[in-house]
>>> print(open('final20.pdb').read())   # PDB, C-alpha atoms, pLDDT in the B column
ATOM      1  CA  MET Z   3     105.776  78.195  77.510  1.00 70.00           C
ATOM      2  CA  THR Z   4     106.107  80.108  80.717  1.00 91.00           C
ATOM      3  CA  ALA Z   5     108.300  80.483  83.755  1.00 97.00           C
ATOM      4  CA  LYS Z   6     108.676  79.613  87.413  1.00 98.00           C
ATOM      5  CA  ILE Z   7     110.557  81.885  89.784  1.00 98.00           C
ATOM      6  CA  CYS Z   8     111.884  79.644  92.542  1.00 97.00           C
ATOM      7  CA  GLY Z   9     113.371  80.318  95.937  1.00 97.00           C
ATOM      8  CA  ILE Z  10     110.835  82.993  96.848  1.00 98.00           C
ATOM      9  CA  THR Z  11     111.303  84.355 100.375  1.00 98.00           C
ATOM     10  CA  ASN Z  12     109.388  87.633 100.337  1.00 97.00           C
ATOM     11  CA  LYS Z  13     106.144  89.103  99.066  1.00 98.00           C
ATOM     12  CA  ASP Z  14     107.704  91.717  96.778  1.00 98.00           C
ATOM     13  CA  ALA Z  15     109.535  89.108  94.710  1.00 98.00           C
ATOM     14  CA  ALA Z  16     106.441  86.927  94.425  1.00 98.00           C
ATOM     15  CA  LEU Z  17     104.218  89.792  93.324  1.00 98.00           C
ATOM     16  CA  CYS Z  18     106.848  91.003  90.846  1.00 98.00           C
ATOM     17  CA  ALA Z  19     107.017  87.520  89.316  1.00 98.00           C
ATOM     18  CA  VAL Z  20     103.241  87.329  88.925  1.00 97.00           C
ATOM     19  CA  LYS Z  21     103.006  90.885  87.554  1.00 96.00           C
ATOM     20  CA  HIS Z  22     105.465  90.099  84.774  1.00 96.00           C
ATOM     21  CA  GLY Z  23     103.914  86.840  83.683  1.00 95.00           C
ATOM     22  CA  ALA Z  24     105.278  83.961  85.747  1.00 97.00           C
ATOM     23  CA  LYS Z  25     102.937  80.990  85.917  1.00 97.00           C
ATOM     24  CA  ALA Z  26     104.591  79.593  89.039  1.00 98.00           C
ATOM     25  CA  VAL Z  27     106.485  80.655  92.141  1.00 98.00           C
ATOM     26  CA  GLY Z  28     108.513  78.227  94.209  1.00 98.00           C
ATOM     27  CA  PHE Z  29     109.022  77.977  97.969  1.00 98.00           C
ATOM     28  CA  VAL Z  30     111.923  75.894  99.253  1.00 97.00           C
ATOM     29  CA  PHE Z  31     111.168  73.859 102.375  1.00 98.00           C
ATOM     30  CA  ALA Z  32     114.397  71.843 102.184  1.00 95.00           C
ATOM     31  CA  LYS Z  33     117.861  72.742 103.476  1.00 91.00           C
ATOM     32  CA  SER Z  34     118.887  75.766 101.419  1.00 90.00           C
ATOM     33  CA  LYS Z  35     119.972  79.369 101.756  1.00 91.00           C
ATOM     34  CA  ARG Z  36     116.486  80.123 100.360  1.00 94.00           C
ATOM     35  CA  LYS Z  37     114.572  77.979 102.850  1.00 96.00           C
ATOM     36  CA  ILE Z  38     111.298  79.458 104.056  1.00 98.00           C
ATOM     37  CA  SER Z  39     108.943  78.448 106.861  1.00 98.00           C
ATOM     38  CA  PRO Z  40     105.445  77.188 106.008  1.00 98.00           C
ATOM     39  CA  GLU Z  41     103.991  80.102 107.978  1.00 98.00           C
ATOM     40  CA  ASP Z  42     105.961  82.721 106.027  1.00 98.00           C
ATOM     41  CA  ALA Z  43     105.057  81.020 102.744  1.00 98.00           C
ATOM     42  CA  LYS Z  44     101.385  81.126 103.779  1.00 98.00           C
ATOM     43  CA  GLU Z  45     101.526  84.914 104.191  1.00 98.00           C
ATOM     44  CA  ILE Z  46     102.972  85.352 100.699  1.00 98.00           C
ATOM     45  CA  ILE Z  47     100.623  82.831  99.074  1.00 98.00           C
ATOM     46  CA  ALA Z  48      97.612  84.669 100.543  1.00 98.00           C
ATOM     47  CA  GLU Z  49      98.515  87.622  98.297  1.00 97.00           C
ATOM     48  CA  LEU Z  50      98.771  85.622  95.055  1.00 97.00           C
ATOM     49  CA  PRO Z  51      96.109  84.931  92.397  1.00 96.00           C
ATOM     50  CA  GLY Z  52      94.386  81.578  92.539  1.00 95.00           C
ATOM     51  CA  ASP Z  53      95.579  80.383  89.138  1.00 95.00           C
ATOM     52  CA  ILE Z  54      99.266  80.730  89.986  1.00 97.00           C
ATOM     53  CA  TRP Z  55     101.202  77.559  90.801  1.00 98.00           C
ATOM     54  CA  LYS Z  56     102.498  77.798  94.378  1.00 98.00           C
ATOM     55  CA  VAL Z  57     105.172  75.123  94.312  1.00 98.00           C
ATOM     56  CA  GLY Z  58     106.651  73.595  97.448  1.00 98.00           C
ATOM     57  CA  VAL Z  59     110.154  72.193  96.978  1.00 98.00           C
ATOM     58  CA  PHE Z  60     111.078  69.166  99.104  1.00 98.00           C
ATOM     59  CA  VAL Z  61     114.152  66.935  99.320  1.00 96.00           C
ATOM     60  CA  ASN Z  62     113.719  63.407 100.695  1.00 96.00           C
ATOM     61  CA  GLU Z  63     110.996  64.599 103.054  1.00 97.00           C
ATOM     62  CA  SER Z  64     108.421  62.286 104.647  1.00 98.00           C
ATOM     63  CA  LYS Z  65     104.886  62.229 103.270  1.00 98.00           C
ATOM     64  CA  GLU Z  66     103.560  63.261 106.683  1.00 98.00           C
ATOM     65  CA  ASN Z  67     105.723  66.379 106.790  1.00 98.00           C
ATOM     66  CA  ILE Z  68     104.872  67.298 103.205  1.00 98.00           C
ATOM     67  CA  ASP Z  69     101.154  66.913 103.925  1.00 98.00           C
ATOM     68  CA  GLU Z  70     101.467  69.146 106.982  1.00 98.00           C
ATOM     69  CA  ILE Z  71     103.394  71.838 105.086  1.00 98.00           C
ATOM     70  CA  VAL Z  72     100.822  71.741 102.279  1.00 98.00           C
ATOM     71  CA  LYS Z  73      98.071  72.212 104.855  1.00 98.00           C
ATOM     72  CA  VAL Z  74      99.789  75.111 106.622  1.00 98.00           C
ATOM     73  CA  SER Z  75     101.220  76.983 103.639  1.00 98.00           C
ATOM     74  CA  GLY Z  76      98.594  76.536 100.954  1.00 98.00           C
ATOM     75  CA  ILE Z  77     100.940  75.354  98.219  1.00 98.00           C
ATOM     76  CA  ASN Z  78      99.149  73.645  95.341  1.00 97.00           C
ATOM     77  CA  VAL Z  79     102.003  71.838  93.547  1.00 98.00           C
ATOM     78  CA  ILE Z  80     104.636  69.529  95.066  1.00 98.00           C
ATOM     79  CA  GLN Z  81     108.189  69.438  93.707  1.00 98.00           C
ATOM     80  CA  LEU Z  82     110.305  66.457  94.744  1.00 97.00           C
ATOM     81  CA  HIS Z  83     113.990  67.279  94.375  1.00 94.00           C
ATOM     82  CA  GLY Z  84     115.610  64.302  96.088  1.00 94.00           C
ATOM     83  CA  ASP Z  85     115.732  60.532  95.625  1.00 94.00           C
ATOM     84  CA  GLU Z  86     111.983  59.968  95.788  1.00 97.00           C
ATOM     85  CA  THR Z  87     110.433  57.025  93.939  1.00 96.00           C
ATOM     86  CA  SER Z  88     107.460  56.887  91.595  1.00 96.00           C
ATOM     87  CA  GLU Z  89     105.558  55.052  94.310  1.00 96.00           C
ATOM     88  CA  PHE Z  90     106.208  57.870  96.763  1.00 97.00           C
ATOM     89  CA  ALA Z  91     105.142  60.541  94.274  1.00 97.00           C
ATOM     90  CA  ALA Z  92     101.938  58.683  93.465  1.00 96.00           C
ATOM     91  CA  GLN Z  93     100.662  59.090  97.031  1.00 96.00           C
ATOM     92  CA  PHE Z  94      99.821  62.780  96.566  1.00 97.00           C
ATOM     93  CA  SER Z  95      96.587  64.228  95.228  1.00 96.00           C
ATOM     94  CA  LEU Z  96      98.285  67.492  94.174  1.00 97.00           C
ATOM     95  CA  PRO Z  97     100.258  67.720  90.905  1.00 97.00           C
ATOM     96  CA  VAL Z  98     103.853  66.529  91.318  1.00 97.00           C
ATOM     97  CA  ILE Z  99     107.007  67.834  89.635  1.00 98.00           C
ATOM     98  CA  LYS Z 100     109.942  65.424  89.905  1.00 97.00           C
ATOM     99  CA  ALA Z 101     113.407  66.940  89.542  1.00 96.00           C
ATOM    100  CA  PHE Z 102     116.305  65.096  87.932  1.00 95.00           C
ATOM    101  CA  SER Z 103     119.992  65.983  87.703  1.00 92.00           C
ATOM    102  CA  ILE Z 104     121.190  65.536  84.125  1.00 92.00           C
ATOM    103  CA  GLN Z 105     124.818  64.671  83.377  1.00 89.00           C
ATOM    104  CA  SER Z 106     124.506  62.518  80.276  1.00 88.00           C
ATOM    105  CA  GLU Z 107     121.910  61.020  77.949  1.00 88.00           C
ATOM    106  CA  ALA Z 108     121.994  57.893  80.085  1.00 88.00           C
ATOM    107  CA  ASP Z 109     120.094  59.795  82.780  1.00 90.00           C
ATOM    108  CA  LEU Z 110     117.125  60.422  80.510  1.00 94.00           C
ATOM    109  CA  GLN Z 111     115.639  56.924  80.611  1.00 91.00           C
ATOM    110  CA  THR Z 112     115.208  57.326  84.370  1.00 93.00           C
ATOM    111  CA  VAL Z 113     113.184  60.454  83.641  1.00 95.00           C
ATOM    112  CA  VAL Z 114     110.963  58.627  81.159  1.00 93.00           C
ATOM    113  CA  ASP Z 115     110.399  55.726  83.559  1.00 92.00           C
ATOM    114  CA  PHE Z 116     109.242  57.939  86.440  1.00 95.00           C
ATOM    115  CA  THR Z 117     105.471  58.181  86.819  1.00 91.00           C
ATOM    116  CA  CYS Z 118     104.456  61.842  86.922  1.00 91.00           C
ATOM    117  CA  ASP Z 119     103.207  64.545  84.572  1.00 87.00           C
ATOM    118  CA  TYR Z 120     105.943  67.139  85.084  1.00 97.00           C
ATOM    119  CA  VAL Z 121     109.710  66.605  85.135  1.00 97.00           C
ATOM    120  CA  LEU Z 122     112.265  69.263  86.037  1.00 97.00           C
ATOM    121  CA  LEU Z 123     115.649  68.777  84.392  1.00 96.00           C
ATOM    122  CA  ASP Z 124     118.461  70.409  86.349  1.00 93.00           C
ATOM    123  CA  SER Z 125     122.242  70.537  86.364  1.00 87.00           C
ATOM    124  CA  PRO Z 126     124.203  67.981  88.436  1.00 79.00           C
ATOM    125  CA  ARG Z 127     123.922  68.298  92.194  1.00 67.00           C
ATOM    126  CA  GLU Z 128     126.508  70.083  94.278  1.00 55.00           C
ATOM    127  CA  HIS Z 129     126.146  71.223  97.892  1.00 52.00           C
ATOM    128  CA  TYR Z 130     122.377  71.613  97.532  1.00 53.00           C
ATOM    129  CA  HIS Z 131     119.878  69.665  95.433  1.00 48.00           C
ATOM    130  CA  GLY Z 132     119.446  72.406  92.830  1.00 48.00           C
ATOM    131  CA  GLY Z 133     119.942  76.141  92.877  1.00 49.00           C
ATOM    132  CA  ASN Z 134     123.581  75.837  91.859  1.00 55.00           C
ATOM    133  CA  GLY Z 135     123.375  78.397  89.066  1.00 62.00           C
ATOM    134  CA  LYS Z 136     125.039  76.186  86.459  1.00 77.00           C
ATOM    135  CA  THR Z 137     123.741  74.932  83.133  1.00 89.00           C
ATOM    136  CA  PHE Z 138     124.101  71.455  81.655  1.00 90.00           C
ATOM    137  CA  ASP Z 139     124.436  70.444  78.006  1.00 90.00           C
ATOM    138  CA  TRP Z 140     120.982  71.185  76.597  1.00 93.00           C
ATOM    139  CA  ASN Z 141     121.777  69.237  73.426  1.00 91.00           C
ATOM    140  CA  ILE Z 142     121.441  66.059  75.514  1.00 91.00           C
ATOM    141  CA  ILE Z 143     117.690  66.649  75.797  1.00 93.00           C
ATOM    142  CA  LYS Z 144     117.086  68.392  72.479  1.00 89.00           C
ATOM    143  CA  ASP Z 145     114.388  66.500  70.536  1.00 88.00           C
ATOM    144  CA  TYR Z 146     114.354  63.705  73.144  1.00 92.00           C
ATOM    145  CA  ASP Z 147     111.062  61.841  73.516  1.00 91.00           C
ATOM    146  CA  PHE Z 148     109.967  62.101  77.150  1.00 93.00           C
ATOM    147  CA  ASN Z 149     106.825  60.084  76.484  1.00 90.00           C
ATOM    148  CA  GLY Z 150     104.398  62.967  76.894  1.00 91.00           C
ATOM    149  CA  LYS Z 151     105.882  64.383  80.091  1.00 94.00           C
ATOM    150  CA  LYS Z 152     105.961  68.174  80.378  1.00 96.00           C
ATOM    151  CA  VAL Z 153     109.578  69.314  80.700  1.00 96.00           C
ATOM    152  CA  ILE Z 154     110.593  72.140  83.014  1.00 97.00           C
ATOM    153  CA  LEU Z 155     114.132  73.323  82.287  1.00 97.00           C
ATOM    154  CA  ALA Z 156     116.281  74.543  85.177  1.00 96.00           C
ATOM    155  CA  GLY Z 157     119.924  75.096  85.964  1.00 93.00           C
ATOM    156  CA  GLY Z 158     121.922  78.255  85.338  1.00 93.00           C
ATOM    157  CA  LEU Z 159     119.268  80.168  83.434  1.00 96.00           C
ATOM    158  CA  HIS Z 160     119.346  83.980  83.271  1.00 96.00           C
ATOM    159  CA  LYS Z 161     118.194  86.761  80.965  1.00 95.00           C
ATOM    160  CA  ASP Z 162     121.142  86.360  78.590  1.00 95.00           C
ATOM    161  CA  ASN Z 163     120.717  82.639  77.873  1.00 95.00           C
ATOM    162  CA  VAL Z 164     117.021  81.910  78.354  1.00 96.00           C
ATOM    163  CA  GLU Z 165     116.108  82.648  74.727  1.00 94.00           C
ATOM    164  CA  THR Z 166     118.732  80.152  73.547  1.00 94.00           C
ATOM    165  CA  ALA Z 167     117.413  77.622  76.056  1.00 94.00           C
ATOM    166  CA  LEU Z 168     113.863  78.052  74.780  1.00 94.00           C
ATOM    167  CA  LYS Z 169     114.957  77.680  71.175  1.00 93.00           C
ATOM    168  CA  THR Z 170     117.108  74.624  71.870  1.00 93.00           C
ATOM    169  CA  VAL Z 171     114.960  72.649  74.294  1.00 94.00           C
ATOM    170  CA  LYS Z 172     111.434  74.001  73.700  1.00 93.00           C
ATOM    171  CA  PRO Z 173     110.399  73.179  77.283  1.00 95.00           C
ATOM    172  CA  TYR Z 174     106.954  73.494  78.794  1.00 96.00           C
ATOM    173  CA  MET Z 175     108.371  75.866  81.407  1.00 97.00           C
ATOM    174  CA  VAL Z 176     111.680  77.384  82.500  1.00 97.00           C
ATOM    175  CA  ASP Z 177     112.693  77.583  86.160  1.00 97.00           C
ATOM    176  CA  VAL Z 178     115.056  80.218  87.550  1.00 97.00           C
ATOM    177  CA  SER Z 179     116.351  81.079  91.004  1.00 95.00           C
ATOM    178  CA  SER Z 180     119.940  82.312  91.301  1.00 93.00           C
ATOM    179  CA  GLY Z 181     119.741  83.809  87.798  1.00 95.00           C
ATOM    180  CA  VAL Z 182     117.389  86.516  89.083  1.00 97.00           C
ATOM    181  CA  GLU Z 183     119.353  87.301  92.230  1.00 96.00           C
ATOM    182  CA  THR Z 184     121.940  89.857  93.297  1.00 96.00           C
ATOM    183  CA  GLU Z 185     124.180  88.897  96.215  1.00 94.00           C
ATOM    184  CA  GLY Z 186     121.901  85.972  97.043  1.00 91.00           C
ATOM    185  CA  LYS Z 187     118.657  87.971  97.150  1.00 95.00           C
ATOM    186  CA  LYS Z 188     115.888  88.161  94.570  1.00 98.00           C
ATOM    187  CA  ASP Z 189     116.381  91.212  92.344  1.00 98.00           C
ATOM    188  CA  LEU Z 190     113.089  92.649  91.091  1.00 98.00           C
ATOM    189  CA  LEU Z 191     114.676  94.146  87.984  1.00 98.00           C
ATOM    190  CA  LYS Z 192     116.301  90.828  87.074  1.00 98.00           C
ATOM    191  CA  ILE Z 193     112.974  89.036  87.551  1.00 98.00           C
ATOM    192  CA  GLU Z 194     111.321  91.527  85.214  1.00 97.00           C
ATOM    193  CA  GLU Z 195     114.097  91.299  82.598  1.00 97.00           C
ATOM    194  CA  PHE Z 196     114.086  87.492  82.659  1.00 97.00           C
ATOM    195  CA  LEU Z 197     110.318  87.246  82.294  1.00 97.00           C
ATOM    196  CA  ASN Z 198     110.321  89.829  79.515  1.00 95.00           C
ATOM    197  CA  LYS Z 199     112.710  87.619  77.538  1.00 94.00           C
ATOM    198  CA  VAL Z 200     110.384  84.633  78.033  1.00 93.00           C
ATOM    199  CA  THR Z 201     107.377  86.704  76.950  1.00 80.00           C
ATOM    200  CA  VAL Z 202     109.158  87.986  73.828  1.00 63.00           C
ATOM    201  CA  ARG Z 203     110.088  84.433  72.889  1.00 59.00           C
ATOM    202  CA  ASN Z 204     106.441  83.405  73.202  1.00 57.00           C
ATOM    203  CA  GLN Z 205     105.252  86.045  70.735  1.00 48.00           C
TER     204      GLN Z 205
END
>>> encode(input="final20.pdb", output="structure tokens")
Amino acid sequence: MTAKICGITNKDAALCAVKHGAKAVGFVFAKSKRKISPEDAKEIIAELPGDIWKVGVFVNESKENIDEIVKVSGINVIQLHGDETSEFAAQFSLPVIKAFSIQSEADLQTVVDFTCDYVLLDSPREHYHGGNGKTFDWNIIKDYDFNGKKVILAGGLHKDNVETALKTVKPYMVDVSSGVETEGKKDLLKIEEFLNKVTVRNQ
């Protein structure tokens, strides 16, 4: 079990995440207060170790635009956070994470039916597709059979609830963005504290 720090917009936050044990960092290329250009993402990615997931987050983007951003930025994992289909996701050679908004257990069959290796389970959508800083009822997914898919838990996580989340859900990975921010900007101390809690839970 490890962590992804999403919504990275500067080198210091990315390097802090890697230093303290994050397996993945996320770059948002969709409409968001954390949106980054492919060129700026490229500069940050150039400083990161090769084994780190550099995840590009997209919402209902065309395959052509995603391919171009992959080429420019150097991301090595694609996260689809919109209404994309299994057929769309299957077109990519890179690993794909498909995000789903979870409101009730009825949403979980859609997750199982989607063809991909990694699924990100997030709180219900608001103004943006994700990054709302709110949790959902983790008991909905506790002990649920996702047919071998690796679950990434997102939505409202922070240093004070991540240990409970890990114990309840036992996900493959946790994903945090607003929970490691102060006044909308990544806070290096909060990144460190969050990742320390994940590391302690792993021991």
>>> resolve_selection(input="final20.pdb", expression="the PyMOL selection byres ((chain Z and resi 28) around 8)", output="NGL selection string")
:Z and (6-10 or 26-27 or 29-30 or 56-59)
>>> resolve_selection(input="final20.pdb", expression="the PyMOL selection byres ((chain Z and resi 17-20) around 8)", output="PyMOL selection string")
chain Z and resi 7+13-16+21-27+49-50+54+190+193-194+197
>>> write_last_selection(input="final20.pdb", atoms="C-alpha atoms", output="tab-separated table (two decimals), in the coordinates of the input")
chain	number	residue	atom	x	y	z
Z	7	ILE	CA	110.56	81.89	89.78
Z	13	LYS	CA	106.14	89.10	99.07
Z	14	ASP	CA	107.70	91.72	96.78
Z	15	ALA	CA	109.54	89.11	94.71
Z	16	ALA	CA	106.44	86.93	94.42
Z	21	LYS	CA	103.01	90.88	87.55
Z	22	HIS	CA	105.46	90.10	84.77
Z	23	GLY	CA	103.91	86.84	83.68
Z	24	ALA	CA	105.28	83.96	85.75
Z	25	LYS	CA	102.94	80.99	85.92
Z	26	ALA	CA	104.59	79.59	89.04
Z	27	VAL	CA	106.48	80.66	92.14
Z	49	GLU	CA	98.52	87.62	98.30
Z	50	LEU	CA	98.77	85.62	95.06
Z	54	ILE	CA	99.27	80.73	89.99
Z	190	LEU	CA	113.09	92.65	91.09
Z	193	ILE	CA	112.97	89.04	87.55
Z	194	GLU	CA	111.32	91.53	85.21
Z	197	LEU	CA	110.32	87.25	82.29
>>> closest_residue(input="final20.pdb", among="Z:Val182, Z:Ile46, Z:Ile104, Z:Val200", to="Lys169 in chain Z", atoms="all atoms listed in the file")
Z:Val200
>>> resolve_selection(input="final20.pdb", expression="the PyMOL selection byres ((chain Z and resi 159) around 8)", output="ChimeraX atom specification")
/Z:135-137,156-158,160-161,163-164,177-178,181
>>> atom_distance(input="final20.pdb", atom1="CA of Thr112 in chain Z", atom2="CA of Thr170 in chain Z")
21.4 Å
>>> atom_distance(input="final20.pdb", atom1="CA of Thr201 in chain Z", atom2="CA of Val79 in chain Z")
22.9 Å
>>> closest_residue(input="final20.pdb", among="Z:Lys172, Z:Lys33, Z:Lys192, Z:Lys44", to="Asn78 in chain Z", atoms="all atoms listed in the file")
Z:Lys44
>>> residues_around(input="final20.pdb", residues="Cys118 in chain Z", least_positions_apart="5", cutoff="12 Å", atoms="only C-alpha atoms", output="ChimeraX atom specification")
/Z:80-82,86-101,112-113,148-153
>>> write_last_selection(input="final20.pdb", atoms="C-alpha atoms", output="PDB file, keeping the file's coordinate frame")
ATOM      1  CA  ILE Z  80     104.636  69.529  95.066  1.00 98.00           C
ATOM      2  CA  GLN Z  81     108.189  69.438  93.707  1.00 98.00           C
ATOM      3  CA  LEU Z  82     110.305  66.457  94.744  1.00 97.00           C
ATOM      4  CA  GLU Z  86     111.983  59.968  95.788  1.00 97.00           C
ATOM      5  CA  THR Z  87     110.433  57.025  93.939  1.00 96.00           C
ATOM      6  CA  SER Z  88     107.460  56.887  91.595  1.00 96.00           C
ATOM      7  CA  GLU Z  89     105.558  55.052  94.310  1.00 96.00           C
ATOM      8  CA  PHE Z  90     106.208  57.870  96.763  1.00 97.00           C
ATOM      9  CA  ALA Z  91     105.142  60.541  94.274  1.00 97.00           C
ATOM     10  CA  ALA Z  92     101.938  58.683  93.465  1.00 96.00           C
ATOM     11  CA  GLN Z  93     100.662  59.090  97.031  1.00 96.00           C
ATOM     12  CA  PHE Z  94      99.821  62.780  96.566  1.00 97.00           C
ATOM     13  CA  SER Z  95      96.587  64.228  95.228  1.00 96.00           C
ATOM     14  CA  LEU Z  96      98.285  67.492  94.174  1.00 97.00           C
ATOM     15  CA  PRO Z  97     100.258  67.720  90.905  1.00 97.00           C
ATOM     16  CA  VAL Z  98     103.853  66.529  91.318  1.00 97.00           C
ATOM     17  CA  ILE Z  99     107.007  67.834  89.635  1.00 98.00           C
ATOM     18  CA  LYS Z 100     109.942  65.424  89.905  1.00 97.00           C
ATOM     19  CA  ALA Z 101     113.407  66.940  89.542  1.00 96.00           C
ATOM     20  CA  THR Z 112     115.208  57.326  84.370  1.00 93.00           C
ATOM     21  CA  VAL Z 113     113.184  60.454  83.641  1.00 95.00           C
ATOM     22  CA  PHE Z 148     109.967  62.101  77.150  1.00 93.00           C
ATOM     23  CA  ASN Z 149     106.825  60.084  76.484  1.00 90.00           C
ATOM     24  CA  GLY Z 150     104.398  62.967  76.894  1.00 91.00           C
ATOM     25  CA  LYS Z 151     105.882  64.383  80.091  1.00 94.00           C
ATOM     26  CA  LYS Z 152     105.961  68.174  80.378  1.00 96.00           C
ATOM     27  CA  VAL Z 153     109.578  69.314  80.700  1.00 96.00           C
TER      28      VAL Z 153
END
>>> build_atoms(input="final20.pdb", residues="range 27-48 of chain Z", atoms="N, CA and C atoms", output="PDB file, in the frame of the given file")
ATOM      1  N   VAL Z  27     105.464  80.207  91.199  1.00 98.00           N
ATOM      2  CA  VAL Z  27     106.485  80.655  92.141  1.00 98.00           C
ATOM      3  C   VAL Z  27     106.801  79.481  93.056  1.00 98.00           C
ATOM      4  N   GLY Z  28     108.077  79.377  93.432  1.00 98.00           N
ATOM      5  CA  GLY Z  28     108.513  78.227  94.209  1.00 98.00           C
ATOM      6  C   GLY Z  28     108.994  78.611  95.599  1.00 98.00           C
ATOM      7  N   PHE Z  29     108.624  77.782  96.576  1.00 98.00           N
ATOM      8  CA  PHE Z  29     109.022  77.977  97.969  1.00 98.00           C
ATOM      9  C   PHE Z  29     109.826  76.759  98.418  1.00 98.00           C
ATOM     10  N   VAL Z  30     111.037  76.993  98.892  1.00 97.00           N
ATOM     11  CA  VAL Z  30     111.923  75.894  99.253  1.00 97.00           C
ATOM     12  C   VAL Z  30     111.758  75.557 100.730  1.00 97.00           C
ATOM     13  N   PHE Z  31     111.332  74.331 101.000  1.00 98.00           N
ATOM     14  CA  PHE Z  31     111.168  73.859 102.375  1.00 98.00           C
ATOM     15  C   PHE Z  31     112.269  72.876 102.774  1.00 98.00           C
ATOM     16  N   ALA Z  32     113.254  72.711 101.904  1.00 95.00           N
ATOM     17  CA  ALA Z  32     114.397  71.843 102.184  1.00 95.00           C
ATOM     18  C   ALA Z  32     115.585  72.691 102.626  1.00 95.00           C
ATOM     19  N   LYS Z  33     116.646  72.039 103.054  1.00 91.00           N
ATOM     20  CA  LYS Z  33     117.861  72.742 103.476  1.00 91.00           C
ATOM     21  C   LYS Z  33     118.401  73.563 102.307  1.00 91.00           C
ATOM     22  N   SER Z  34     118.480  74.862 102.489  1.00 90.00           N
ATOM     23  CA  SER Z  34     118.887  75.766 101.419  1.00 90.00           C
ATOM     24  C   SER Z  34     119.065  77.156 102.002  1.00 90.00           C
ATOM     25  N   LYS Z  35     119.862  77.970 101.343  1.00 91.00           N
ATOM     26  CA  LYS Z  35     119.972  79.369 101.756  1.00 91.00           C
ATOM     27  C   LYS Z  35     118.677  80.124 101.463  1.00 91.00           C
ATOM     28  N   ARG Z  36     117.772  79.502 100.684  1.00 94.00           N
ATOM     29  CA  ARG Z  36     116.486  80.123 100.360  1.00 94.00           C
ATOM     30  C   ARG Z  36     115.317  79.465 101.111  1.00 94.00           C
ATOM     31  N   LYS Z  37     115.634  78.689 102.114  1.00 96.00           N
ATOM     32  CA  LYS Z  37     114.572  77.979 102.850  1.00 96.00           C
ATOM     33  C   LYS Z  37     113.620  78.968 103.508  1.00 96.00           C
ATOM     34  N   ILE Z  38     112.339  78.624 103.470  1.00 98.00           N
ATOM     35  CA  ILE Z  38     111.298  79.458 104.056  1.00 98.00           C
ATOM     36  C   ILE Z  38     110.429  78.592 104.966  1.00 98.00           C
ATOM     37  N   SER Z  39     109.846  79.196 105.983  1.00 98.00           N
ATOM     38  CA  SER Z  39     108.943  78.448 106.861  1.00 98.00           C
ATOM     39  C   SER Z  39     107.569  78.343 106.213  1.00 98.00           C
ATOM     40  N   PRO Z  40     106.809  77.307 106.545  1.00 98.00           N
ATOM     41  CA  PRO Z  40     105.445  77.188 106.008  1.00 98.00           C
ATOM     42  C   PRO Z  40     104.580  78.394 106.356  1.00 98.00           C
ATOM     43  N   GLU Z  41     104.790  78.957 107.542  1.00 98.00           N
ATOM     44  CA  GLU Z  41     103.991  80.102 107.978  1.00 98.00           C
ATOM     45  C   GLU Z  41     104.299  81.346 107.140  1.00 98.00           C
ATOM     46  N   ASP Z  42     105.588  81.575 106.861  1.00 98.00           N
ATOM     47  CA  ASP Z  42     105.961  82.721 106.027  1.00 98.00           C
ATOM     48  C   ASP Z  42     105.477  82.531 104.588  1.00 98.00           C
ATOM     49  N   ALA Z  43     105.560  81.301 104.092  1.00 98.00           N
ATOM     50  CA  ALA Z  43     105.057  81.020 102.744  1.00 98.00           C
ATOM     51  C   ALA Z  43     103.553  81.283 102.675  1.00 98.00           C
ATOM     52  N   LYS Z  44     102.835  80.918 103.733  1.00 98.00           N
ATOM     53  CA  LYS Z  44     101.385  81.126 103.779  1.00 98.00           C
ATOM     54  C   LYS Z  44     101.036  82.599 103.617  1.00 98.00           C
ATOM     55  N   GLU Z  45     101.790  83.473 104.276  1.00 98.00           N
ATOM     56  CA  GLU Z  45     101.526  84.914 104.191  1.00 98.00           C
ATOM     57  C   GLU Z  45     101.707  85.431 102.767  1.00 98.00           C
ATOM     58  N   ILE Z  46     102.726  84.928 102.085  1.00 98.00           N
ATOM     59  CA  ILE Z  46     102.972  85.352 100.699  1.00 98.00           C
ATOM     60  C   ILE Z  46     101.897  84.789  99.774  1.00 98.00           C
ATOM     61  N   ILE Z  47     101.601  83.506  99.937  1.00 98.00           N
ATOM     62  CA  ILE Z  47     100.623  82.831  99.074  1.00 98.00           C
ATOM     63  C   ILE Z  47      99.246  83.492  99.174  1.00 98.00           C
ATOM     64  N   ALA Z  48      98.915  84.007 100.343  1.00 98.00           N
ATOM     65  CA  ALA Z  48      97.612  84.669 100.543  1.00 98.00           C
ATOM     66  C   ALA Z  48      97.447  85.881  99.641  1.00 98.00           C
TER      67      ALA Z  48
END
